[in-house]
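Notes follow the structure.
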Amino acid sequence: MLEVSKLSIRFTRFDRRLRQVHTEMIHNLHLSISSGEILAVVGSSGSGKSLLAHAILGILPSNAQVSGDIYFKGEALTPASQRRLRGKEIALIPQSVQYLDPLMRVGEQVRQSVRQGDPAVLQRKAFNKYDLAEYVAKWFPFQLSGGMARKILISTATVSGARLLIADEPTPGLDDLAMTETLSRFRQKAEEGCAVMLITHDVEAALTVADRIAVLYAGTVVEIALRSDFTADGEMLRHPYTKALWKALPSQQFAAIPGVQPAPAALPKGCVFAPRCSLATSECEEFAPEPRKLRHGEVRCLHAT
Ligand SMILES: Nc1ncnc2c1ncn2[C@@H]1O[C@H](COP(=O)(O)OP(=O)(O)OP(=O)(O)O)[C@@H](O)[C@H]1O
Ligand code: NI
């Protein structure tokens, strides 16, 4: 359904001497999602998760330069086709609740995104699932709590009938029940044949529902793993960063990884993870590894076995 190939995103800005400065935020990124599948994209803050989502939808700011290819149902996306597909075939649950239209009643916002079926019925059903009272439909976004606003955003995307659903951190502010409801909605969408991209920094939430997990680090996918690879001591995992993420979970050893993710303007020359990696050799410091297939997944590491 979705294939992202060699995606890079650069930003241009002017420094204090009015010189142009380019910073690359996403580098040579590959991933794909099939119909019926939930792919989680995990990574810490600033790793490029939202930029990836915005590139697929074609809503990056105008100072962003994009290279590489994004295919949807086999068709290479262009700004024109993105405009046509956005909100119809490809729906975004945005990270910020500020994407709600402040001047439109929220029930109307949900109803407007329906393309098949009775908008009023589908909106009422969605509200019901989330325990939103019927009168809330008449409210404006400023009257909602953060959790309610998020429920409206999720409802808007899930009633749209889109084939590709991109959820950018959909769960903050939701209580446990609403979170479970949301994740099971995604599973239901996948069962109906949709492809779902679940962007989150919550690895544990990702593991409850995703089929595969793409791990983003400093603007690139370092590993694509199966959910079942996250087990025991992490010996099925391929990349040292993914192993470290797994061991850092509270349910595991709660062991923090030393060091920090490099800033986009100060990336190391070779492998982006080399400065924090216990396996790093001089080769890792020289060359950025290309992604390669390994045990039903993918990895970007010279030493992964
Ligand atoms: N409009 C922009 N202009 C310049 N840099 C940007 C812009 N938008 C994002 N960036 C930079 O790109 C990098 C990736 O940002 P992005 O929002 O994709 O991160 P993220 O993984 O979604 O983080 P979070 O978990 O905090 O949402 C960050 O360093 C960010 O500062
Ligand atoms: Ni983000």
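Chain lettering (A, B, ...) mirrors the order of the structure tokens, residue numbering begins at 1 for each chain separately, and ligand numbering begins at 1 in order of display.
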Open item on the list: What residues of the protein or nucleic acid chains come within 10 Å of ligand 1 when you use only C-alpha atoms and all ligand atoms? Reply as a ChimeraX atom specification.
Closed with: /A:9-13,22-26,41-55,60-64,95-96,168-169,199-202,216-219,262-265
Can you tell me which residues surround stretch 74-80 of chain A at a distance of at most 9 Å, considering only C-alpha atoms, apart from same-chain residues fewer than 4 positions away, and format the answer as a compact mmCIF listing (two decimals) with N, CA and C atoms, in the first residue's frame?
```txt
# COMPACT_ATOMS: atom_id res chain seq x y z
N MET A 1 0.84 -1.23 0.00
CA MET A 1 0.00 0.00 0.00
C MET A 1 0.87 1.26 0.00
N LEU A 2 1.86 1.27 0.91
CA LEU A 2 2.76 2.44 0.98
C LEU A 2 4.20 1.97 0.87
N GLU A 3 4.97 2.66 0.04
CA GLU A 3 6.39 2.37 -0.01
C GLU A 3 7.18 3.68 -0.05
N ILE A 56 4.71 12.21 3.62
CA ILE A 56 3.78 11.29 2.93
C ILE A 56 2.50 12.05 2.55
N LEU A 57 2.05 12.93 3.42
CA LEU A 57 0.83 13.69 3.14
C LEU A 57 1.06 14.90 2.24
N GLY A 58 2.33 15.27 2.07
CA GLY A 58 2.62 16.46 1.26
C GLY A 58 2.28 17.75 1.98
N ASP A 69 11.40 8.75 -3.26
CA ASP A 69 10.08 8.42 -3.81
C ASP A 69 9.15 7.89 -2.75
N ILE A 70 7.88 8.25 -2.89
CA ILE A 70 6.84 7.70 -2.03
C ILE A 70 5.76 7.14 -2.95
N ARG A 84 -4.98 15.44 -3.80
CA ARG A 84 -6.20 14.70 -4.15
C ARG A 84 -6.49 13.59 -3.11
N LEU A 85 -5.45 12.93 -2.63
CA LEU A 85 -5.63 11.76 -1.76
C LEU A 85 -5.80 12.11 -0.28
```
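Nearest-residue note for ligand 2: choosing from A:Gly146, A:Gly36, A:Pro170, A:Pro268, the minimum distance belongs to A:Pro170, counting only C-alpha atoms and all ligand atoms.
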Task: Between atom CA of A:Ile154 and atom CA of A:Glu37 - distance in Å to one decimal - done: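 Going from atom CA of A:Glu37 over to atom CA of A:Ile154 covers 18.2 Å.
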